[in-house]
>>> print(open('entry_34.cif').read())   # mmCIF, C-alpha atoms
data_upload
loop_
_atom_site.label_atom_id
_atom_site.label_comp_id
_atom_site.auth_asym_id
_atom_site.auth_seq_id
_atom_site.Cartn_x
_atom_site.Cartn_y
_atom_site.Cartn_z
CA MET A 1 -57.45 27.50 -92.09
CA THR A 2 -59.24 29.70 -89.64
CA HIS A 3 -58.59 30.62 -86.02
CA ARG A 4 -60.69 27.69 -84.85
CA PRO A 5 -58.83 24.74 -83.38
CA SER A 6 -59.10 21.43 -85.16
CA THR A 7 -61.99 19.21 -84.20
CA GLU A 8 -59.55 16.55 -83.05
CA ALA A 9 -57.95 19.05 -80.69
CA LEU A 10 -61.36 20.06 -79.37
CA ILE A 11 -62.30 16.43 -78.74
CA ARG A 12 -59.05 15.87 -76.88
CA SER A 13 -59.58 18.92 -74.70
CA LEU A 14 -63.21 17.99 -73.98
CA ALA A 15 -62.16 14.47 -73.03
CA ALA A 16 -59.57 15.92 -70.69
CA SER A 17 -62.15 18.14 -68.94
CA PRO A 18 -63.83 16.90 -65.78
CA PRO A 19 -67.43 15.76 -66.33
CA PRO A 20 -70.03 18.36 -65.35
CA PRO A 21 -72.06 17.50 -62.23
CA PRO A 22 -74.94 15.17 -63.09
CA LEU A 23 -78.50 16.44 -63.03
CA THR A 24 -80.29 14.33 -60.42
CA ALA A 25 -83.73 14.20 -58.82
CA ARG A 26 -82.16 15.01 -55.48
CA GLY A 27 -80.25 17.91 -56.99
CA LEU A 28 -83.50 19.45 -58.20
CA ALA A 29 -85.85 18.52 -55.35
CA GLY A 30 -83.39 19.65 -52.66
CA PRO A 31 -83.22 23.36 -53.54
CA VAL A 32 -86.91 23.53 -54.51
CA VAL A 33 -88.10 21.97 -51.25
CA ALA A 34 -85.66 24.11 -49.27
CA ALA A 35 -86.98 27.29 -50.90
CA LEU A 36 -90.58 26.19 -50.27
CA THR A 37 -89.82 25.39 -46.65
CA ILE A 38 -88.20 28.74 -46.02
CA SER A 39 -90.83 30.92 -47.69
CA LEU A 40 -93.76 28.97 -46.24
CA GLY A 41 -92.06 28.70 -42.85
CA VAL A 42 -91.56 32.45 -42.59
CA PHE A 43 -95.09 33.11 -43.85
CA LEU A 44 -96.79 30.71 -41.44
CA TRP A 45 -94.58 31.87 -38.57
CA LEU A 46 -95.59 35.49 -39.20
CA ILE A 47 -99.24 34.98 -40.00
CA GLY A 48 -100.02 31.77 -38.14
CA LEU A 49 -101.54 28.37 -38.79
CA ARG A 50 -105.29 28.03 -38.69
CA ALA A 51 -106.85 27.33 -35.30
CA ASN A 52 -107.15 23.66 -34.34
CA LEU A 53 -105.13 22.55 -37.36
CA GLY A 54 -104.83 18.94 -36.21
CA GLN A 55 -108.56 18.67 -35.67
CA ALA A 56 -109.33 20.31 -38.99
CA LEU A 57 -107.06 17.95 -40.91
CA ALA A 58 -109.11 15.02 -39.64
CA ASP A 59 -111.80 16.22 -42.03
CA PRO A 60 -111.05 14.64 -45.42
CA ALA A 61 -112.39 17.68 -47.28
CA ILE A 62 -109.92 19.93 -45.47
CA LEU A 63 -107.11 17.42 -45.82
CA ALA A 64 -107.80 17.43 -49.57
CA LYS A 65 -106.97 21.14 -49.60
CA SER A 66 -103.36 20.24 -48.91
CA LEU A 67 -103.19 16.80 -50.46
CA LEU A 68 -104.53 17.71 -53.90
CA PRO A 69 -101.97 20.44 -54.56
CA LEU A 70 -99.29 18.12 -53.21
CA ALA A 71 -100.48 15.41 -55.59
CA LEU A 72 -99.94 17.90 -58.40
CA ALA A 73 -96.63 19.31 -57.16
CA VAL A 74 -94.78 16.00 -56.99
CA PRO A 75 -95.47 14.78 -60.55
CA ALA A 76 -94.93 18.29 -61.91
CA LEU A 77 -91.46 18.28 -60.34
CA VAL A 78 -90.72 14.82 -61.73
CA LEU A 79 -91.85 15.89 -65.21
CA ALA A 80 -89.87 19.13 -65.01
CA LEU A 81 -86.72 17.13 -64.42
CA ARG A 82 -87.58 14.63 -67.14
CA SER A 83 -88.25 17.40 -69.63
CA ALA A 84 -84.72 18.69 -69.03
CA ARG A 85 -83.28 15.38 -70.25
CA PRO A 86 -83.00 15.18 -74.05
CA GLY A 87 -84.56 12.10 -75.54
CA ARG A 88 -86.96 11.48 -72.66
CA VAL A 89 -90.68 11.53 -73.31
CA VAL A 90 -92.82 13.79 -71.13
CA ARG A 91 -96.37 12.55 -70.69
CA PRO A 92 -98.58 14.94 -68.75
CA GLY A 93 -101.00 12.16 -67.73
CA LEU A 94 -99.87 12.27 -64.10
CA LEU A 95 -101.00 15.88 -63.83
CA ILE A 96 -104.52 15.19 -65.03
CA LEU A 97 -105.49 13.00 -62.08
CA PRO A 98 -105.26 15.64 -59.32
CA ALA A 99 -106.75 18.24 -61.65
CA ALA A 100 -109.69 15.95 -62.37
CA ALA A 101 -110.13 15.23 -58.67
CA ALA A 102 -110.27 18.98 -57.95
CA LEU A 103 -112.85 19.47 -60.68
CA ALA A 104 -114.93 16.62 -59.24
CA LEU A 105 -114.82 18.21 -55.78
CA PHE A 106 -115.86 21.55 -57.25
CA LEU A 107 -118.83 20.04 -59.12
CA ALA A 108 -119.91 17.88 -56.20
CA ARG A 109 -120.05 20.93 -53.95
CA GLY A 110 -121.75 22.94 -56.67
CA VAL A 111 -124.73 20.58 -56.87
CA GLN A 112 -124.82 20.19 -53.09
CA VAL A 113 -125.39 23.81 -52.06
CA PRO A 114 -128.44 25.94 -52.91
CA SER A 115 -127.81 27.97 -56.02
CA GLY A 116 -127.94 31.28 -54.17
CA GLN A 117 -125.03 30.19 -52.00
CA ILE A 118 -122.70 29.14 -54.83
CA LEU A 119 -121.33 32.55 -55.69
CA PRO A 120 -120.70 33.74 -52.11
CA GLU A 121 -118.91 30.48 -51.31
CA LEU A 122 -116.86 30.62 -54.46
CA LEU A 123 -115.79 34.21 -53.93
CA GLY A 124 -115.15 33.76 -50.22
CA HIS A 125 -113.50 36.65 -48.44
CA SER A 126 -109.80 36.10 -48.99
CA ALA A 127 -109.49 35.37 -52.70
CA ALA A 128 -107.10 38.24 -53.41
CA ALA A 129 -104.88 37.41 -50.42
CA CYS A 130 -104.88 33.77 -51.48
CA LEU A 131 -103.80 34.52 -55.06
CA LEU A 132 -101.22 37.05 -54.02
CA SER A 133 -99.73 34.92 -51.23
CA ILE A 134 -99.42 31.71 -53.23
CA THR A 135 -97.94 33.51 -56.24
CA ALA A 136 -95.43 35.49 -54.20
CA LEU A 137 -94.45 32.66 -51.88
CA SER A 138 -93.82 30.29 -54.78
CA ALA A 139 -91.39 32.64 -56.53
CA PRO A 140 -88.26 31.57 -54.59
CA ALA A 141 -88.96 27.89 -55.28
CA THR A 142 -89.55 28.59 -58.97
CA LEU A 143 -86.30 30.50 -59.14
CA ALA A 144 -84.40 27.76 -57.30
CA GLY A 145 -85.77 25.17 -59.72
CA LEU A 146 -84.90 27.28 -62.75
CA ILE A 147 -81.34 27.76 -61.53
CA VAL A 148 -80.87 24.01 -61.18
CA LEU A 149 -82.54 23.33 -64.52
CA ARG A 150 -80.19 25.70 -66.31
CA ARG A 151 -77.76 22.81 -66.01
CA GLY A 152 -80.34 20.68 -67.79
CA ALA A 153 -80.87 20.52 -71.52
CA SER A 154 -84.53 21.20 -72.09
CA LEU A 155 -85.60 20.97 -75.70
CA ARG A 156 -88.69 23.02 -74.82
CA PRO A 157 -87.63 25.63 -72.27
CA ALA A 158 -91.11 27.12 -71.85
CA ARG A 159 -92.62 23.75 -71.02
CA THR A 160 -89.90 22.92 -68.53
CA GLY A 161 -90.31 26.34 -66.93
CA ALA A 162 -94.08 25.87 -66.78
CA LEU A 163 -93.67 22.53 -65.02
CA ILE A 164 -91.28 23.90 -62.42
CA GLY A 165 -93.57 26.90 -61.87
CA MET A 166 -96.50 24.54 -61.44
CA ALA A 167 -94.60 22.39 -58.96
CA ALA A 168 -93.58 25.45 -56.93
CA ALA A 169 -97.04 27.03 -56.92
CA ALA A 170 -98.82 23.76 -56.12
CA GLY A 171 -96.37 23.03 -53.31
CA THR A 172 -96.94 26.52 -51.97
CA ALA A 173 -100.72 26.07 -52.14
CA ALA A 174 -100.42 22.87 -50.11
CA GLY A 175 -98.62 24.81 -47.38
CA TYR A 176 -100.83 27.89 -47.63
CA ALA A 177 -103.82 25.61 -46.98
CA LEU A 178 -102.52 25.15 -43.42
CA HIS A 179 -103.31 28.80 -42.84
CA CYS A 180 -106.40 29.31 -44.95
CA THR A 181 -109.77 28.71 -43.26
CA GLU A 182 -112.01 28.78 -46.31
CA ASP A 183 -112.85 25.14 -46.65
CA SER A 184 -115.45 25.10 -49.40
CA PRO A 185 -114.16 23.20 -52.44
CA LEU A 186 -115.85 25.92 -54.50
CA PHE A 187 -113.39 28.39 -53.02
CA PHE A 188 -110.15 26.50 -52.83
CA THR A 189 -110.30 24.60 -56.12
CA THR A 190 -111.01 27.88 -57.89
CA TRP A 191 -108.46 30.14 -56.26
CA TYR A 192 -105.71 27.62 -55.55
CA GLY A 193 -106.20 26.41 -59.10
CA LEU A 194 -105.95 29.92 -60.49
CA ALA A 195 -102.87 30.66 -58.35
CA ILE A 196 -101.22 27.47 -59.64
CA LEU A 197 -102.03 28.49 -63.22
CA ILE A 198 -100.47 31.91 -62.63
CA GLY A 199 -97.35 30.25 -61.20
CA THR A 200 -97.27 27.94 -64.21
CA GLY A 201 -97.47 30.87 -66.60
CA ILE A 202 -94.72 32.78 -64.82
CA GLY A 203 -92.57 29.66 -64.92
CA ALA A 204 -93.18 29.28 -68.65
CA LEU A 205 -92.17 32.87 -69.37
CA ALA A 206 -89.09 32.65 -67.17
CA GLY A 207 -88.14 29.25 -68.58
CA GLN A 208 -88.30 30.51 -72.10
CA ARG A 209 -85.62 33.04 -71.28
CA LEU A 210 -83.52 31.19 -68.72
CA LEU A 211 -83.49 27.63 -69.97
CA ARG A 212 -82.17 28.13 -73.50
CA TRP A 213 -78.88 26.46 -74.27
CA MET B 1 -62.88 -9.41 -104.66
CA THR B 2 -64.04 -12.98 -104.63
CA PRO B 3 -67.73 -13.56 -104.15
CA ASP B 4 -68.54 -15.81 -101.25
CA ALA B 5 -71.69 -17.54 -100.20
CA GLN B 6 -72.55 -15.00 -97.56
CA THR B 7 -72.35 -11.92 -99.71
CA LEU B 8 -74.28 -13.70 -102.43
CA ALA B 9 -76.96 -14.52 -99.93
CA TRP B 10 -77.14 -10.82 -99.20
CA HIS B 11 -77.71 -10.21 -102.86
CA CYS B 12 -80.67 -12.42 -103.43
CA PRO B 13 -82.21 -12.75 -100.03
CA GLY B 14 -85.07 -15.18 -99.70
CA PRO B 15 -87.47 -14.68 -96.81
CA ALA B 16 -85.27 -16.64 -94.41
CA GLN B 17 -82.13 -14.78 -95.34
CA GLN B 18 -83.97 -11.51 -95.18
CA ALA B 19 -84.91 -12.33 -91.61
CA ASN B 20 -81.27 -13.11 -90.91
CA VAL B 21 -80.19 -9.82 -92.38
CA MET B 22 -82.75 -7.97 -90.30
CA ARG B 23 -81.68 -9.77 -87.16
CA SER B 24 -78.00 -9.12 -87.66
CA ARG B 25 -78.75 -5.45 -88.26
CA THR B 26 -80.76 -5.23 -85.05
CA GLU B 27 -78.02 -7.03 -83.17
CA GLY B 28 -75.50 -4.65 -84.63
CA ALA B 29 -77.49 -1.68 -83.37
CA LEU B 30 -77.83 -3.27 -79.93
CA ASP B 31 -74.10 -3.93 -79.79
CA GLN B 32 -73.45 -0.35 -80.71
CA ASP B 33 -75.88 0.85 -78.04
CA ARG B 34 -74.12 -1.29 -75.46
CA ILE B 35 -70.77 0.14 -76.43
CA TRP B 36 -71.93 3.75 -76.48
CA ASP B 37 -73.89 3.42 -73.24
CA ASP B 38 -70.90 1.89 -71.54
CA LEU B 39 -68.55 4.56 -72.86
CA MET B 40 -70.79 7.42 -71.77
CA HIS B 41 -71.42 5.81 -68.41
CA ARG B 42 -67.70 5.57 -67.75
CA ALA B 43 -67.14 9.03 -69.20
CA ASN B 44 -69.58 10.55 -66.73
CA GLN B 45 -67.71 8.92 -63.90
CA GLY B 46 -64.60 10.77 -64.94
CA ASP B 47 -63.05 8.33 -67.43
CA GLY B 48 -61.57 10.74 -69.97
CA ALA B 49 -60.36 7.95 -72.24
CA ALA B 50 -63.90 6.58 -72.52
CA PHE B 51 -65.23 10.04 -73.37
CA LEU B 52 -62.49 10.47 -75.97
CA GLN B 53 -63.54 7.18 -77.55
CA PHE B 54 -67.22 8.13 -77.43
CA LEU B 55 -66.66 11.48 -79.10
CA THR B 56 -64.36 9.93 -81.68
CA GLN B 57 -67.00 7.35 -82.57
CA VAL B 58 -69.91 9.77 -82.87
CA THR B 59 -68.06 12.52 -84.72
CA PRO B 60 -68.21 10.93 -88.22
CA ARG B 61 -71.97 10.44 -87.80
CA LEU B 62 -72.47 14.01 -86.69
CA ARG B 63 -70.27 15.32 -89.49
CA GLY B 64 -72.31 13.39 -92.06
CA LEU B 65 -75.55 14.71 -90.63
CA ILE B 66 -74.37 18.30 -90.73
CA ARG B 67 -73.05 17.95 -94.27
CA VAL B 68 -76.33 16.56 -95.55
CA ARG B 69 -78.36 19.26 -93.88
CA GLY B 70 -75.99 22.10 -94.54
CA ARG B 71 -75.45 21.84 -98.27
CA GLY B 72 -75.13 25.34 -99.59
CA LEU B 73 -73.25 26.54 -96.56
CA PRO B 74 -69.47 26.63 -96.75
CA PRO B 75 -67.85 23.47 -95.36
CA ASP B 76 -65.86 25.62 -92.97
CA LEU B 77 -69.12 26.47 -91.24
CA HIS B 78 -70.01 22.79 -91.01
CA GLU B 79 -66.97 22.17 -88.88
CA ASP B 80 -67.92 25.11 -86.63
CA ILE B 81 -71.37 23.64 -86.13
CA LEU B 82 -69.91 20.20 -85.48
CA GLN B 83 -67.76 21.71 -82.77
CA GLU B 84 -70.78 23.41 -81.22
CA VAL B 85 -72.55 20.06 -81.08
CA LEU B 86 -69.53 18.36 -79.54
CA LEU B 87 -69.23 21.10 -76.94
CA ALA B 88 -72.93 20.73 -76.07
CA ILE B 89 -72.47 16.97 -75.72
CA HIS B 90 -69.78 17.64 -73.15
CA LEU B 91 -71.58 20.42 -71.28
CA LYS B 92 -74.90 18.57 -71.08
CA ARG B 93 -73.74 14.99 -70.64
CA GLY B 94 -74.84 15.14 -66.99
CA THR B 95 -78.44 15.13 -68.22
CA TRP B 96 -78.21 11.54 -69.50
CA ASP B 97 -79.43 9.39 -66.63
CA GLY B 98 -78.90 5.98 -68.21
CA THR B 99 -82.63 5.28 -68.45
CA GLY B 100 -82.57 4.78 -72.21
CA PRO B 101 -79.82 4.27 -74.75
CA VAL B 102 -77.46 7.22 -74.93
CA ARG B 103 -78.12 7.18 -78.69
CA PHE B 104 -81.59 8.69 -78.14
CA TRP B 105 -80.07 11.35 -75.93
CA LEU B 106 -77.42 12.03 -78.54
CA TYR B 107 -79.98 12.38 -81.36
CA ALA B 108 -81.97 14.88 -79.37
CA VAL B 109 -78.95 16.98 -78.42
CA ALA B 110 -77.51 16.89 -81.94
CA ARG B 111 -80.80 17.81 -83.55
CA HIS B 112 -81.35 20.66 -81.12
CA LYS B 113 -77.89 22.14 -81.64
CA VAL B 114 -77.84 21.67 -85.42
CA VAL B 115 -81.23 23.30 -85.88
CA ASP B 116 -80.21 26.07 -83.51
CA ALA B 117 -76.88 26.62 -85.26
CA PHE B 118 -78.46 26.91 -88.71
CA ARG B 119 -81.19 29.13 -87.37
CA ARG B 120 -78.71 31.50 -85.80
CA ARG B 121 -76.91 31.66 -89.11
CA GLY B 122 -80.09 32.88 -90.69
CA ARG B 123 -80.99 29.75 -92.55
CA ARG B 124 -84.33 28.10 -92.27
CA LEU B 125 -84.02 24.43 -91.75
CA HIS B 126 -86.50 21.65 -91.56
CA LEU B 127 -85.06 18.71 -89.69
CA PRO B 128 -87.44 16.02 -88.54
CA LEU B 129 -86.16 13.88 -85.69
CA ASP B 130 -86.60 10.73 -87.77
CA ASP B 131 -84.03 12.01 -90.23
CA VAL B 132 -81.54 12.55 -87.48
CA ALA B 133 -82.19 9.13 -86.07
CA GLU B 134 -81.77 7.53 -89.45
CA MET B 135 -78.60 9.43 -90.27
CA LEU B 136 -76.99 8.56 -86.98
CA ALA B 137 -78.13 4.97 -87.06
CA ALA B 138 -76.86 4.46 -90.58
CA ASP B 139 -73.61 2.61 -91.15
CA PRO B 140 -70.75 5.03 -90.89
CA GLY B 141 -69.62 5.53 -94.43
CA PRO B 142 -68.60 8.35 -96.64
CA ALA B 143 -70.99 11.17 -95.95
CA PRO B 144 -73.02 12.31 -98.94
CA LEU B 145 -71.56 15.71 -99.61
CA ALA B 146 -73.89 16.19 -102.54
CA ALA B 147 -76.83 14.13 -103.60
CA ARG B 148 -75.56 14.15 -107.18
CA ASP B 149 -72.24 12.68 -106.22
CA ALA B 150 -72.70 9.18 -107.57
CA ASP B 151 -69.67 7.68 -105.86
CA ARG B 152 -70.81 8.84 -102.49
CA MET B 153 -74.34 7.66 -103.09
CA LEU B 154 -73.04 4.26 -104.08
CA GLY B 155 -71.01 4.19 -100.89
CA MET B 156 -74.27 4.17 -98.98
CA ILE B 157 -75.54 0.89 -100.37
CA ASP B 158 -73.83 -2.46 -100.02
CA ALA B 159 -70.66 -2.99 -102.01
CA ARG B 160 -72.00 -5.73 -104.34
CA SER B 161 -75.04 -3.75 -105.39
CA ALA B 162 -72.88 -0.70 -105.84
CA ALA B 163 -70.50 -2.61 -108.09
CA LEU B 164 -73.42 -3.82 -110.18
CA VAL B 165 -74.92 -0.35 -110.50
CA ARG B 166 -71.55 1.08 -111.42
CA ALA B 167 -70.93 -1.58 -114.09
CA VAL B 168 -74.37 -1.53 -115.71
CA ARG B 169 -75.67 1.99 -115.21
CA LEU B 170 -72.49 4.05 -115.17
CA GLU B 171 -70.08 2.06 -117.33
CA GLY B 172 -72.71 0.74 -119.71
CA GLN B 173 -71.89 -2.96 -119.46
CA SER B 174 -74.60 -5.46 -120.17
CA THR B 175 -76.39 -6.97 -117.19
CA GLU B 176 -75.27 -10.44 -118.33
CA ASP B 177 -71.58 -9.47 -118.40
CA ALA B 178 -71.76 -7.76 -115.05
CA ALA B 179 -73.62 -10.72 -113.54
CA ALA B 180 -71.00 -13.13 -114.84
CA ARG B 181 -68.20 -10.98 -113.44
CA ILE B 182 -69.55 -11.06 -109.90
CA GLY B 183 -70.70 -14.64 -110.27
CA VAL B 184 -74.49 -14.51 -110.11
CA THR B 185 -77.15 -15.39 -112.66
CA PRO B 186 -78.47 -12.59 -114.91
CA GLY B 187 -81.88 -12.93 -113.28
CA THR B 188 -80.43 -12.38 -109.82
CA ALA B 189 -78.42 -9.44 -111.10
CA ARG B 190 -81.55 -7.80 -112.48
CA VAL B 191 -83.34 -8.17 -109.15
CA VAL B 192 -80.37 -6.78 -107.24
CA LEU B 193 -80.05 -3.92 -109.70
CA HIS B 194 -83.72 -3.09 -109.42
CA ARG B 195 -83.58 -3.03 -105.62
CA ALA B 196 -80.40 -0.98 -105.62
CA MET B 197 -81.88 1.65 -107.95
CA LYS B 198 -84.95 1.89 -105.77
CA ARG B 199 -82.81 2.32 -102.68
CA LEU B 200 -80.71 4.98 -104.39
CA ALA B 201 -83.83 6.85 -105.44
CA GLU B 202 -85.02 6.81 -101.84
CA LEU B 203 -81.67 8.08 -100.64
CA ALA B 204 -81.66 10.88 -103.21
CA GLU B 205 -85.20 11.82 -102.26
CA ARG B 206 -84.29 12.00 -98.60
CA MET B 207 -81.30 14.22 -99.26
CA LYS B 208 -83.24 16.85 -101.15
#
>>> encode(input="entry_34.cif", output="structure tokens")
Amino acid sequence: MTHRPSTEALIRSLAASPPPPPLTARGLAGPVVAALTISLGVFLWLIGLRANLGQALADPAILAKSLLPLALAVPALVLALRSARPGRVVRPGLLILPAAAALALFLARGVQVPSGQILPELLGHSAAACLLSITALSAPATLAGLIVLRRGASLRPARTGALIGMAAAAGTAAGYALHCTEDSPLFFTTWYGLAILIGTGIGALAGQRLLRW
Amino acid sequence: MTPDAQTLAWHCPGPAQQANVMRSRTEGALDQDRIWDDLMHRANQGDGAAFLQFLTQVTPRLRGLIRVRGRGLPPDLHEDILQEVLLAIHLKRGTWDGTGPVRFWLYAVARHKVVDAFRRRGRRLHLPLDDVAEMLAADPGPAPLAARDADRMLGMIDARSAALVRAVRLEGQSTEDAAARIGVTPGTARVVLHRAMKRLAELAERMK
């Protein structure tokens, strides 16, 4: 025999151990939302909301700036949790709807404006700040999500990490929109979308390392 | 062993009996799911006795799976891998949320850990999920340590067919004699024998 204890002894000792804390939706959403609230709260407190926010949000196009990312963040969070449960199927269908809506907004605006105006509108004047802010502000939420999901059992760590990164970045974009005054769908679908993709990629890379078990 | 009507019906199933057999198998699986789900549910609420029972029930299945997939590795290593799987079941049991049968959860965890364990030991391993599902869903019986081990292979088919195969193919009796001994007609015996050989061939193929 070797140094290893008998399997029967192992089973007895495992059965005598207290069960690990369950992985729950609340357990994941709590820390992620808290991290988002803190980083966005500090950011908006320092740099300010846009002028006449209430009035602006009455415009459906401006409301969409916050609602679309939110409509991506929530299912991404749900899927991240699901993907950390072995045996559950993860269907990305829920993510396609907000993405398709953003693409539709982009195209609708694209055919609406004169062709000479497309590029200036798309580039805007705060693209770099937008990318940088959303990416940086989403990092704490991504990290919080990854820490919780380390208790999970993802069979595809990169995918789970990508989903939590997407949820964090999309949630951050929804909050960042309360500050950002560039309301052309050409601008915000492009740059918010790109920022969310960057967050997703960072999440995938981090997940691959942190979520192995 | 005295043949009775029920086991004979299992030997020469007509369409109706076949349906019965199928149904009782499905019901068996559902019963097992109910038991396992209940055990794991209680286990996660802190019932150590339920968890002990759960682990005790799944261990033979896991051991069989690892043996089949780990032929060529020393058996001592198999037990190490089994223990890794059991440990993972404990550490990750909080990720089962009761949405589906715990069996699905168990397959996924076992497959992940077994593949991972063999990979870390420098052995390439191809393990489709279906195989895991089938192994774990199979009746708990003697695990096939080696595909060539006839006794173990015969342990995986029903006892009557196994007896017939043993008598005719291994001991060289005539089909008529063997049929008379277990109390069926020679024609029935030939059908049973044919089906059993086919099933054994499938089993051997799967274990390659």
>>> resolve_selection(input="entry_34.cif", expression="the PyMOL selection byres ((chain B) within 10 of (chain A))", output="MDAnalysis selection string")
chainID B and resid 43:56 59 76 79:80 82:83 86:97 99:113 116
>>> residues_around(input="entry_34.cif", residues="Ile134 of chain A", least_positions_apart="4", cutoff="7 Å", atoms="all atoms listed in the file", output="list in words")
Cys130, Ser138, Ala169, Thr172, Ala173, Tyr176 and Ala195 of chain A
>>> atom_distance(input="entry_34.cif", atom1="atom CA of Trp45 of chain A", atom2="atom CA of Leu178 of chain A")
11.5 Å
>>> closest_residue(input="entry_34.cif", among="A:Thr142, A:Ser184, A:Ser133, A:Thr189", to="Gly207 of chain A", atoms="only C-alpha atoms")
A:Thr142
>>> resolve_selection(input="entry_34.cif", expression="the PyMOL selection byres ((chain A and resi 204) around 6)", output="list in words")
Ala158, Gly161, Ala162, Gly201, Ile202, Gly203, Leu205, Ala206 and Gly207 of chain A
>>> atom_distance(input="entry_34.cif", atom1="atom CA of Ala139 of chain A", atom2="atom CA of Leu197 of chain A")
13.2 Å
>>> closest_residue(input="entry_34.cif", among="A:Leu49, A:Leu146, A:Leu119, A:Lys65", to="Gly27 of chain A", atoms="all atoms listed in the file")
A:Leu146
>>> residues_around(input="entry_34.cif", residues="segment 92-98 of chain A", least_positions_apart="6", cutoff="10 Å", atoms="only C-alpha atoms", output="number ranges by chain")
A: 67-76, 78-79, 104, 163
>>> resolve_selection(input="entry_34.cif", expression="the PyMOL selection byres ((chain A and resi 141) around 7)", output="list in words")
Val32, Ala35, Leu36, Ser138, Ala139, Pro140, Thr142, Leu143, Ala144, Gly145 and Ala168 of chain A
>>> residues_around(input="entry_34.cif", residues="segment 192-200 of chain B", least_positions_apart="4", cutoff="8 Å", atoms="all atoms listed in the file", output="PyMOL selection string")
chain B and resi 11-12+153-154+157+161-162+164-165+188+204
>>> atom_distance(input="entry_34.cif", atom1="atom CA of Ser174 of chain B", atom2="atom CA of Gly187 of chain B")
12.5 Å
>>> build_atoms(input="entry_34.cif", residues="segment 37-53 of chain A", atoms="N, CA and C atoms", output="tab-separated table (two decimals), keeping the file's coordinate frame")
chain	number	residue	atom	x	y	z
A	37	THR	N	-89.81	25.46	-48.11
A	37	THR	CA	-89.82	25.39	-46.65
A	37	THR	C	-89.54	26.76	-46.04
A	38	ILE	N	-88.55	27.44	-46.59
A	38	ILE	CA	-88.20	28.74	-46.02
A	38	ILE	C	-89.32	29.75	-46.23
A	39	SER	N	-89.82	29.88	-47.46
A	39	SER	CA	-90.83	30.92	-47.69
A	39	SER	C	-92.13	30.60	-46.95
A	40	LEU	N	-92.53	29.33	-46.96
A	40	LEU	CA	-93.76	28.97	-46.24
A	40	LEU	C	-93.55	29.06	-44.73
A	41	GLY	N	-92.36	28.65	-44.28
A	41	GLY	CA	-92.06	28.70	-42.85
A	41	GLY	C	-92.16	30.12	-42.32
A	42	VAL	N	-91.52	31.05	-43.03
A	42	VAL	CA	-91.56	32.45	-42.59
A	42	VAL	C	-92.99	32.97	-42.62
A	43	PHE	N	-93.70	32.65	-43.70
A	43	PHE	CA	-95.09	33.11	-43.85
A	43	PHE	C	-95.96	32.60	-42.72
A	44	LEU	N	-95.92	31.29	-42.46
A	44	LEU	CA	-96.79	30.71	-41.44
A	44	LEU	C	-96.38	31.16	-40.04
A	45	TRP	N	-95.08	31.40	-39.88
A	45	TRP	CA	-94.58	31.87	-38.57
A	45	TRP	C	-95.11	33.29	-38.31
A	46	LEU	N	-95.12	34.11	-39.36
A	46	LEU	CA	-95.59	35.49	-39.20
A	46	LEU	C	-97.11	35.55	-39.06
A	47	ILE	N	-97.81	34.77	-39.87
A	47	ILE	CA	-99.24	34.98	-40.00
A	47	ILE	C	-100.04	33.89	-39.28
A	48	GLY	N	-99.39	32.79	-38.97
A	48	GLY	CA	-100.02	31.77	-38.14
A	48	GLY	C	-100.74	30.68	-38.89
A	49	LEU	N	-100.74	29.47	-38.27
A	49	LEU	CA	-101.54	28.37	-38.79
A	49	LEU	C	-103.00	28.62	-38.43
A	50	ARG	N	-103.89	27.91	-39.06
A	50	ARG	CA	-105.29	28.03	-38.69
A	50	ARG	C	-105.49	27.42	-37.30
A	51	ALA	N	-106.56	27.85	-36.64
A	51	ALA	CA	-106.85	27.33	-35.30
A	51	ALA	C	-107.22	25.85	-35.39
A	52	ASN	N	-106.82	25.09	-34.40
A	52	ASN	CA	-107.15	23.66	-34.34
A	52	ASN	C	-106.78	22.93	-35.62
A	53	LEU	N	-105.55	23.14	-36.08
A	53	LEU	CA	-105.13	22.55	-37.36
A	53	LEU	C	-105.27	21.03	-37.35
